[in-house]
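Next up, start-v4.txt (compact mmCIF, C-alpha atoms and all ligand atoms):
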```
# COMPACT_ATOMS: atom_id res chain seq x y z
CA MET Q 1 95.62 139.59 154.67
CA SER Q 2 95.99 143.33 153.98
CA SER Q 3 93.31 146.02 154.00
CA ILE Q 4 92.11 147.84 150.89
CA LEU Q 5 91.06 151.45 150.67
CA VAL Q 6 88.64 152.36 147.89
CA ILE Q 7 87.66 155.86 146.84
CA GLY Q 8 84.76 156.15 144.40
CA THR Q 9 81.06 156.82 144.16
CA VAL Q 10 78.19 155.52 146.27
CA ALA Q 11 75.15 156.24 144.17
CA PHE Q 12 71.52 155.84 143.32
CA ASP Q 13 71.41 154.21 139.90
CA SER Q 14 68.41 154.09 137.60
CA VAL Q 15 69.00 151.35 135.07
CA LYS Q 16 67.06 150.00 132.10
CA THR Q 17 68.12 146.76 130.41
CA PRO Q 18 66.30 144.41 127.99
CA PHE Q 19 65.37 142.43 131.16
CA GLY Q 20 63.60 145.26 132.96
CA GLU Q 21 64.09 148.45 134.95
CA ALA Q 22 65.51 149.26 138.36
CA PRO Q 23 64.89 152.85 139.50
CA GLU Q 24 66.96 154.50 142.28
CA VAL Q 25 68.79 151.37 143.38
CA LEU Q 26 72.10 151.23 145.26
CA GLY Q 27 75.05 151.63 142.89
CA GLY Q 28 78.29 153.51 142.43
CA SER Q 29 81.82 152.47 141.56
CA ALA Q 30 82.94 152.16 145.19
CA THR Q 31 79.82 150.21 146.15
CA PHE Q 32 80.36 147.42 143.61
CA PHE Q 33 84.08 147.34 144.31
CA ALA Q 34 83.62 147.10 148.08
CA MET Q 35 80.94 144.41 147.85
CA ALA Q 36 83.30 142.26 145.77
CA ALA Q 37 86.56 142.95 147.63
CA ARG Q 38 84.96 142.23 151.03
CA LEU Q 39 84.83 138.56 150.04
CA PHE Q 40 88.63 138.49 150.20
CA THR Q 41 89.77 141.09 152.75
CA ARG Q 42 88.89 144.12 154.92
CA VAL Q 43 87.65 147.13 152.94
CA ARG Q 44 87.75 150.82 153.89
CA LEU Q 45 85.24 152.89 151.94
CA VAL Q 46 85.97 156.54 151.10
CA ALA Q 47 82.94 158.22 149.52
CA ILE Q 48 80.16 160.73 150.14
CA VAL Q 49 76.38 160.32 150.35
CA GLY Q 50 73.55 162.80 150.95
CA LYS Q 51 70.85 163.08 153.55
CA ASP Q 52 68.55 161.04 151.30
CA PHE Q 53 70.77 157.94 151.68
CA PRO Q 54 68.79 155.38 153.68
CA SER Q 55 70.20 153.78 156.81
CA HIS Q 56 69.38 150.27 155.57
CA HIS Q 57 72.07 150.64 152.87
CA LEU Q 58 74.59 151.74 155.53
CA LYS Q 59 73.59 148.74 157.61
CA MET Q 60 74.07 146.45 154.61
CA PHE Q 61 77.64 147.71 154.15
CA GLU Q 62 78.37 147.26 157.85
CA GLU Q 63 76.87 143.77 157.93
CA ASN Q 64 79.25 142.88 155.11
CA GLY Q 65 82.22 144.02 157.19
CA ILE Q 66 82.88 147.21 155.19
CA ASP Q 67 84.51 149.97 157.25
CA LEU Q 68 82.50 153.21 156.88
CA GLN Q 69 84.75 155.57 158.85
CA GLY Q 70 85.67 157.25 155.55
CA LEU Q 71 82.08 157.61 154.31
CA VAL Q 72 80.97 161.25 154.63
CA ARG Q 73 77.27 161.94 155.21
CA SER Q 74 76.45 165.39 153.96
CA GLU Q 75 73.46 167.71 153.45
CA GLY Q 76 72.22 167.63 149.85
CA ASP Q 77 71.42 164.73 147.57
CA THR Q 78 73.39 161.60 146.83
CA PHE Q 79 75.15 161.20 143.44
CA ARG Q 80 72.75 159.83 140.81
CA TRP Q 81 73.39 158.05 137.53
CA LYS Q 82 70.92 156.87 134.91
CA GLY Q 83 71.81 154.46 132.11
CA GLU Q 84 70.26 152.26 129.48
CA TYR Q 85 71.58 149.14 127.72
CA GLU Q 86 70.94 148.08 124.15
CA GLU Q 87 69.80 144.57 123.20
CA ASN Q 88 73.53 143.82 122.90
CA MET Q 89 74.29 144.57 126.52
CA ASN Q 90 77.92 145.38 125.80
CA VAL Q 91 76.55 148.73 124.57
CA ARG Q 92 75.46 151.23 127.23
CA HIS Q 93 74.22 154.82 127.08
CA THR Q 94 74.51 157.24 130.01
CA LEU Q 95 71.28 159.25 130.11
CA GLU Q 96 71.87 161.39 133.21
CA THR Q 97 74.63 162.10 135.74
CA HIS Q 98 73.89 164.30 138.78
CA PHE Q 99 76.98 164.90 140.88
CA ASN Q 100 75.05 166.54 143.78
CA VAL Q 101 77.06 166.10 147.04
CA LEU Q 102 80.08 164.92 145.06
CA GLU Q 103 80.70 168.56 143.99
CA ASP Q 104 81.81 169.41 147.54
CA PHE Q 105 83.61 166.19 148.38
CA GLN Q 106 87.10 166.79 149.83
CA ALA Q 107 88.21 163.13 150.17
CA ASP Q 108 90.06 163.77 153.45
CA LEU Q 109 91.16 160.40 154.78
CA PRO Q 110 90.66 159.44 158.42
CA ASP Q 111 94.13 159.23 160.08
CA ASP Q 112 93.79 155.45 160.48
CA TYR Q 113 93.37 155.04 156.71
CA ARG Q 114 96.60 156.74 155.62
CA ASN Q 115 98.78 153.66 155.95
CA THR Q 116 96.43 151.33 154.02
CA PRO Q 117 98.66 149.13 151.82
CA TYR Q 118 96.25 148.30 148.96
CA VAL Q 119 94.36 151.09 147.20
CA PHE Q 120 91.72 151.23 144.49
CA LEU Q 121 91.03 154.55 142.81
CA ALA Q 122 87.58 153.74 141.43
CA ASN Q 123 85.83 155.79 138.79
CA ILE Q 124 85.63 159.34 140.17
CA ASN Q 125 87.13 162.76 139.31
CA PRO Q 126 90.94 162.35 138.88
CA ASP Q 127 91.48 165.38 141.19
CA LEU Q 128 89.97 163.34 144.01
CA GLN Q 129 92.02 160.27 143.04
CA MET Q 130 95.16 162.44 143.28
CA LYS Q 131 94.09 163.90 146.62
CA VAL Q 132 93.85 160.40 148.04
CA LEU Q 133 97.25 159.40 146.61
CA ASN Q 134 98.81 162.45 148.29
CA GLN Q 135 97.50 161.41 151.71
CA LEU Q 136 98.84 157.84 151.66
CA THR Q 137 102.00 157.12 153.65
CA SER Q 138 103.24 153.80 152.24
CA PRO Q 139 101.00 152.17 149.62
CA LYS Q 140 102.10 148.76 148.36
CA LEU Q 141 99.75 148.60 145.38
CA ILE Q 142 97.64 151.23 143.64
CA CYS Q 143 95.00 150.20 141.08
CA CYS Q 144 93.03 152.74 139.09
CA ASP Q 145 89.90 152.94 136.93
CA THR Q 146 88.36 155.86 135.04
CA MET Q 147 85.62 156.57 132.50
CA ASN Q 148 84.90 158.44 129.25
CA LEU Q 149 83.82 161.63 131.06
CA TRP Q 150 87.26 162.11 132.68
CA ILE Q 151 89.15 161.01 129.55
CA ILE Q 152 87.37 163.77 127.62
CA ASN Q 153 87.21 166.55 130.24
CA GLN Q 154 90.25 165.99 132.49
CA ARG Q 155 92.78 164.06 130.49
CA LYS Q 156 95.82 165.95 131.88
CA ASP Q 157 94.77 165.31 135.50
CA LEU Q 158 94.13 161.65 134.70
CA GLU Q 159 97.59 161.32 133.14
CA GLU Q 160 99.19 162.74 136.31
CA VAL Q 161 97.41 160.06 138.36
CA LEU Q 162 98.48 157.35 135.92
CA LYS Q 163 102.16 158.14 136.49
CA ARG Q 164 101.69 156.88 140.05
CA VAL Q 165 99.64 153.70 139.65
CA ASP Q 166 100.60 150.00 139.42
CA PHE Q 167 97.52 148.66 137.59
CA PHE Q 168 95.26 150.61 135.25
CA ILE Q 169 91.98 148.72 134.80
CA ILE Q 170 89.70 150.05 132.04
CA SER Q 171 87.07 148.96 129.55
CA GLU Q 172 87.84 148.36 125.88
CA GLU Q 173 85.73 151.40 124.98
CA GLU Q 174 87.82 153.59 127.30
CA ALA Q 175 91.05 152.19 125.82
CA GLN Q 176 89.81 153.11 122.34
CA MET Q 177 88.85 156.57 123.55
CA LEU Q 178 92.31 157.14 125.08
CA THR Q 179 94.17 156.18 121.90
CA GLN Q 180 91.70 156.64 119.00
CA ASP Q 181 92.72 153.11 117.95
CA HIS Q 182 90.25 150.22 117.64
CA ASN Q 183 92.94 147.56 117.71
CA ILE Q 184 93.23 146.41 121.32
CA VAL Q 185 96.93 145.40 121.13
CA ARG Q 186 98.12 148.64 119.53
CA SER Q 187 95.90 150.61 121.88
CA ALA Q 188 97.36 148.80 124.92
CA ARG Q 189 100.90 149.51 123.75
CA GLU Q 190 100.14 153.25 123.56
CA ILE Q 191 98.46 153.34 126.97
CA LEU Q 192 101.38 151.53 128.62
CA LYS Q 193 103.58 154.51 127.67
CA LEU Q 194 101.60 156.71 130.09
CA GLY Q 195 103.26 155.18 133.16
CA ARG Q 196 104.94 152.13 134.65
CA PHE Q 197 101.67 150.30 135.32
CA ALA Q 198 100.35 147.00 134.01
CA LEU Q 199 97.14 147.40 132.03
CA ILE Q 200 93.98 145.32 132.24
CA ILE Q 201 91.42 145.88 129.49
CA LYS Q 202 87.93 144.59 130.33
CA ARG Q 203 85.91 143.45 127.34
CA GLY Q 204 82.43 143.06 128.86
CA GLY Q 205 80.91 139.74 127.84
CA TYR Q 206 84.15 138.79 126.08
CA GLY Q 207 86.55 138.66 129.05
CA ALA Q 208 89.68 140.60 129.95
CA ILE Q 209 93.30 140.95 128.83
CA LEU Q 210 96.40 141.85 130.84
CA PHE Q 211 99.29 143.70 129.17
CA THR Q 212 102.48 144.31 131.18
CA GLN Q 213 105.46 146.62 130.66
CA GLN Q 214 107.54 143.42 130.17
CA ASP Q 215 105.41 142.44 127.13
CA GLU Q 216 103.50 139.68 128.93
CA VAL Q 217 99.96 139.19 127.62
CA PHE Q 218 97.34 137.11 129.47
CA ALA Q 219 93.80 136.75 128.14
CA ILE Q 220 90.77 135.13 129.74
CA PRO Q 221 87.22 134.69 128.43
CA ALA Q 222 84.17 135.77 130.41
CA TYR Q 223 82.26 133.01 132.22
CA PRO Q 224 79.44 132.07 129.80
CA LEU Q 225 76.10 133.05 131.35
CA GLU Q 226 72.58 132.25 130.24
CA ASN Q 227 70.96 135.24 131.95
CA VAL Q 228 72.70 138.59 132.01
CA VAL Q 229 70.24 140.89 133.78
CA ASP Q 230 72.23 144.10 134.34
CA PRO Q 231 75.93 144.63 133.50
CA THR Q 232 76.17 147.80 135.65
CA GLY Q 233 79.10 147.58 138.01
CA ALA Q 234 80.67 144.53 136.34
CA GLY Q 235 83.92 146.43 135.85
CA ASP Q 236 84.07 147.62 139.46
CA THR Q 237 83.21 144.13 140.68
CA PHE Q 238 86.00 142.67 138.53
CA ALA Q 239 88.39 145.19 140.11
CA GLY Q 240 87.10 144.29 143.58
CA GLY Q 241 87.72 140.58 143.08
CA PHE Q 242 91.11 141.30 141.48
CA THR Q 243 92.45 143.72 144.09
CA GLY Q 244 90.78 141.79 146.91
CA TYR Q 245 92.53 138.57 145.91
CA LEU Q 246 95.93 140.30 145.63
CA ALA Q 247 95.49 141.87 149.08
CA SER Q 248 94.46 138.52 150.56
CA ARG Q 249 97.62 136.85 149.20
CA ASP Q 250 99.81 139.92 149.77
CA ARG Q 251 101.85 138.94 146.69
CA LEU Q 252 102.30 140.64 143.32
CA ASP Q 253 104.15 138.11 141.12
CA LEU Q 254 102.73 137.41 137.64
CA GLU Q 255 101.12 134.09 138.61
CA THR Q 256 99.26 135.68 141.54
CA VAL Q 257 98.17 138.55 139.27
CA GLN Q 258 96.83 136.03 136.72
CA LYS Q 259 94.92 134.20 139.47
CA ALA Q 260 93.56 137.53 140.70
CA MET Q 261 92.21 138.23 137.19
CA VAL Q 262 90.38 134.92 137.23
CA PHE Q 263 88.87 135.71 140.66
CA GLY Q 264 87.85 139.17 139.43
CA ASN Q 265 86.28 137.63 136.35
CA ILE Q 266 84.27 135.06 138.28
CA THR Q 267 83.13 137.56 140.93
CA ALA Q 268 81.90 139.90 138.17
CA SER Q 269 79.94 137.07 136.55
CA PHE Q 270 77.68 136.98 139.61
CA ALA Q 271 77.13 140.76 139.71
CA VAL Q 272 75.57 140.87 136.23
CA GLU Q 273 72.98 138.20 137.07
CA GLY Q 274 70.90 140.72 139.00
CA PHE Q 275 70.23 144.44 139.35
CA SER Q 276 72.25 146.62 141.74
CA VAL Q 277 74.27 144.57 144.28
CA ASP Q 278 71.50 141.97 144.70
CA LYS Q 279 73.65 139.00 143.68
CA LEU Q 280 76.76 140.29 145.46
CA ILE Q 281 74.98 140.48 148.83
CA ALA Q 282 74.26 136.76 148.67
CA LEU Q 283 77.70 135.86 147.35
CA THR Q 284 80.22 133.81 149.34
CA ARG Q 285 83.81 132.65 148.72
CA GLU Q 286 82.46 129.09 148.37
CA LYS Q 287 80.12 130.08 145.51
CA VAL Q 288 83.02 131.85 143.80
CA ARG Q 289 85.20 128.73 144.19
CA ASP Q 290 82.46 126.45 142.76
CA ARG Q 291 82.05 128.59 139.65
CA LEU Q 292 85.81 128.85 139.38
CA SER Q 293 86.04 125.03 139.11
CA ASP Q 294 83.53 125.09 136.22
CA PHE Q 295 85.48 127.88 134.56
CA LEU Q 296 88.76 125.95 134.83
CA ARG Q 297 87.19 122.93 133.14
CA MET Q 298 85.79 125.14 130.34
CA THR Q 299 89.11 126.85 129.64
CA HIS Q 300 91.57 123.98 130.16
CA LEU Q 301 93.24 124.38 126.80
CA ALA Q 302 96.70 122.87 127.32
CA PRO Q 303 95.71 119.13 127.42
CA VAL Q 304 93.38 119.57 124.42
CA VAL Q 305 96.08 121.14 122.26
CA ALA Q 306 98.71 118.67 123.49
CA ASN Q 307 96.73 115.85 121.85
CA VAL Q 308 96.48 117.55 118.44
CA GLU Q 309 98.75 115.90 115.86
P1 LIG T 401 80.62 150.16 135.52
O1 LIG T 401 79.40 149.47 134.99
O2 LIG T 401 81.64 149.24 136.10
O3 LIG T 401 81.19 151.13 134.54
O4 LIG T 401 80.15 151.06 136.77
C1 LIG T 401 78.88 151.65 136.83
C2 LIG T 401 78.76 152.46 138.12
O5 LIG T 401 79.52 153.68 137.97
C3 LIG T 401 77.33 152.87 138.39
O6 LIG T 401 76.89 152.25 139.57
C4 LIG T 401 77.36 154.40 138.52
O7 LIG T 401 76.73 154.86 139.68
C5 LIG T 401 78.83 154.76 138.55
N1 LIG T 401 79.11 155.96 137.76
C6 LIG T 401 78.51 156.35 136.62
N2 LIG T 401 79.01 157.54 136.17
C7 LIG T 401 79.96 157.90 137.06
C8 LIG T 401 80.88 159.03 137.17
N3 LIG T 401 80.89 160.02 136.28
N4 LIG T 401 81.75 159.04 138.21
C9 LIG T 401 81.75 158.03 139.09
N5 LIG T 401 80.93 156.97 139.08
C10 LIG T 401 80.04 156.89 138.07
```

Take the structure in this file and express it as structure tokens.
Amino acid sequence: MSSILVIGTVAFDSVKTPFGEAPEVLGGSATFFAMAARLFTRVRLVAIVGKDFPSHHLKMFEENGIDLQGLVRSEGDTFRWKGEYEENMNVRHTLETHFNVLEDFQADLPDDYRNTPYVFLANINPDLQMKVLNQLTSPKLICCDTMNLWIINQRKDLEEVLKRVDFFIISEEEAQMLTQDHNIVRSAREILKLGRFALIIKRGGYGAILFTQQDEVFAIPAYPLENVVDPTGAGDTFAGGFTGYLASRDRLDLETVQKAMVFGNITASFAVEGFSVDKLIALTREKVRDRLSDFLRMTHLAPVVANVE
């Protein structure tokens, strides 16, 4: 079992969905990732919060075994994000982003963190992602996410980061934004040219698809849910389950990567059933395994097709 280092945001999110509103709740890309990955392995969190960040959230991270040596507590206010979802919850609008303490974040790693083998560069400024990459001594696996803001404003910096990553994990909307192409297969082929990474495109309520440099394609549906309360953080949670599983196995062959996608998918299905990290706090490996069994039954295509004349 290998440790994972995640750099990203720890935030106060204000979210409105057709199910209700959650003002100033715990969020951030690194938060969701860490709360998912901790189910599988040890997690080291690199992020910054302000003086307004309550100690009960810090305690929650610690109680879940997340290492906070890399979490900087600074004067100023914590990063804040406000978003709203349409009736079709695959469509989201960002209403406000306040970087606050993130403007001064240096992302200096504690010495102990430099040899972490598994790394997730969660959604944050690509300059900070690069700074972290430059401090690592011997990473085994680097996974990376981004978002529309960085694709538009810092594309060159993002492309430099991408030359050094093993998995690029983005949403379908971000893939379209990177390539100006609405066809997911053509878009994936273009993105793969930006590095030597394998690409995972997350499709919200429709699942996820892996595209590799060797032309392998692996697609899985999302777990069908009756009540999607808040999709915020689903992507980061998927990445947490995915990277967490790989670190726990310490293997990177295609079959293990495919299994990791399924674990990421199932872990994310819990996150969207509540606001903030509410459902992730209560989550256990056993609950993930139970839902995984259901999912396997629902998607067991080979025997069905084998019987078709
Ligand atoms: P996701 O739904 O997976 O795209 O992740 C949503 C999370 O990303 C929220 O909890 C936000 O706090 C965080 N977030 C939103 N905008 C940014 C940004 N510009 N940089 C980093 N994190 C962000």

Given a cut-off of 6 Å, what residues near ligand LIG 401 (chain T) show up using all atoms listed in the file, put as a ChimeraX atom specification?
/Q:9,11,13,27-29,81,123-124,232-236

Here is a test: counting all atoms listed in the file, which residue of Q:Leu45, Q:Ala37, Q:Ala219, Q:Ile169 is nearest to Leu199 of chain Q?
Q:Ile169

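Across the model, the gap from atom CA of Arg291 of chain Q to atom CA of Ala122 of chain Q is 25.8 Å.
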
Quick one: contact table of segment 165-187 of chain Q to segment 132-151 of chain Q, 8 Å max, nearest atom pair and distance in Å to one decimal per residue, counting only C-alpha atoms, chain and number order, as a Markdown table?
```
| residue | atom | partner | partner_atom | distance |
| --- | --- | --- | --- | --- |
| Q:Val165 | CA | Q:Ile142 | CA | 5.1 |
| Q:Asp166 | CA | Q:Ile142 | CA | 5.3 |
| Q:Phe167 | CA | Q:Cys143 | CA | 4.6 |
| Q:Phe168 | CA | Q:Cys144 | CA | 4.9 |
| Q:Ile169 | CA | Q:Asp145 | CA | 5.2 |
| Q:Ile170 | CA | Q:Asp145 | CA | 5.7 |
| Q:Glu174 | CA | Q:Asn148 | CA | 6.0 |
| Q:Met177 | CA | Q:Asn148 | CA | 7.2 |
| Q:Leu178 | CA | Q:Ile151 | CA | 6.7 |
```

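Of note, atom CA of Val229 of chain Q and atom CA of Gly274 of chain Q are spaced 5.3 Å apart.
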
Against segment 53-65 of chain Q, which residues of segment 76-122 of chain Q fall within 10 Å? For each one I want the closest pair of atoms and the distance in Å (one decimal), counting all atoms listed in the file, rows by chain and increasing residue number, as JSON lines.
```
{"residue": "Q:Gly76", "atom": "CA", "partner": "Q:Phe53", "partner_atom": "CA", "distance": 10.0}
{"residue": "Q:Asp77", "atom": "CA", "partner": "Q:Phe53", "partner_atom": "CA", "distance": 8.0}
{"residue": "Q:Thr78", "atom": "CA", "partner": "Q:Phe53", "partner_atom": "CA", "distance": 6.6}
{"residue": "Q:Phe79", "atom": "CA", "partner": "Q:Phe53", "partner_atom": "CA", "distance": 9.9}
```

Generate a file of the selected residues that holds C-alpha atoms, formatted as a PDB file, in the coordinates of the input.
```
ATOM      1  CA  GLY Q  76      72.220 167.630 149.850  1.00  0.00           C
ATOM      2  CA  ASP Q  77      71.420 164.730 147.570  1.00  0.00           C
ATOM      3  CA  THR Q  78      73.390 161.600 146.830  1.00  0.00           C
ATOM      4  CA  PHE Q  79      75.150 161.200 143.440  1.00  0.00           C
TER       5      PHE Q  79
END
```

Report, in Å to a single decimal, how far apart atom CA of Tyr85 of chain Q and atom CA of Thr97 of chain Q are.
15.5 Å

Tell me which protein, DNA and RNA residues are within 6 Å of segment 257-272 of chain Q, counting all atoms listed in the file, leaving out same-chain ones fewer than 4 positions away, and put them as a CSV table (one decimal) with C-alpha atoms, keeping the file's coordinate frame.
```
chain,number,residue,atom,x,y,z
Q,228,VAL,CA,72.7,138.6,132.0
Q,229,VAL,CA,70.2,140.9,133.8
Q,230,ASP,CA,72.2,144.1,134.3
Q,231,PRO,CA,75.9,144.6,133.5
Q,234,ALA,CA,80.7,144.5,136.3
Q,237,THR,CA,83.2,144.1,140.7
Q,238,PHE,CA,86.0,142.7,138.5
Q,241,GLY,CA,87.7,140.6,143.1
Q,242,PHE,CA,91.1,141.3,141.5
Q,245,TYR,CA,92.5,138.6,145.9
Q,279,LYS,CA,73.6,139.0,143.7
Q,280,LEU,CA,76.8,140.3,145.5
```

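If only C-alpha atoms are the atoms counted, then among Q:Asn90, Q:Ser3, Q:Gln176, Q:Asn307 the closest residue to Arg203 of chain Q is Q:Asn90.
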
Pick out the residues sitting within 12 Å of Val101 of chain Q, and hand them over as a ChimeraX atom specification; count only C-alpha atoms, and ignore anything fewer than 2 positions along from it in its own chain.
/Q:9-11,47-53,72-80,98-99,103-107

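Environment of (78.4, 150.7, 129.2): residues at most 9 Å away, judged by all atoms listed in the file, are Gly83, Glu84, Tyr85, Met89, Asn90, Val91, Arg92, His93, Thr94, Ser171, Glu173, Gly204, Pro231 and Thr232 of chain Q.
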
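For the residues Q:Ile281, Q:Leu252, Q:Val185, Q:Ala222, ranking by smallest atom-to-atom distance to Thr31 of chain Q using all atoms listed in the file places Q:Ile281 first.
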
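Residue nearest Pro18 of chain Q, chosen from Q:Ser248, Q:Asn183, Q:Asn227, Q:Thr212 and counting only C-alpha atoms: Q:Asn227.
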
Env of Leu39 of chain Q: 9 Å cut, atoms = all atoms listed in the file, seq-sep filter 4 positions within chain, self excluded. Answer as a VMD selection string.
chain Q and resid 34 to 35 64 240 to 241 244 to 245 283 to 285

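The residue that comes closest to Leu192 of chain Q, out of Q:Asp111, Q:Asp215, Q:Glu160, Q:Glu172 and on the basis of all atoms listed in the file, is Q:Asp215.
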
So that I can check the surroundings of Val161 of chain Q, please list as a PyMOL selection string every protein, DNA and RNA residue that reaches within 6 Å of it, counting all atoms listed in the file and ignoring chain neighbours fewer than 3 positions away.
chain Q and resi 130+158+164
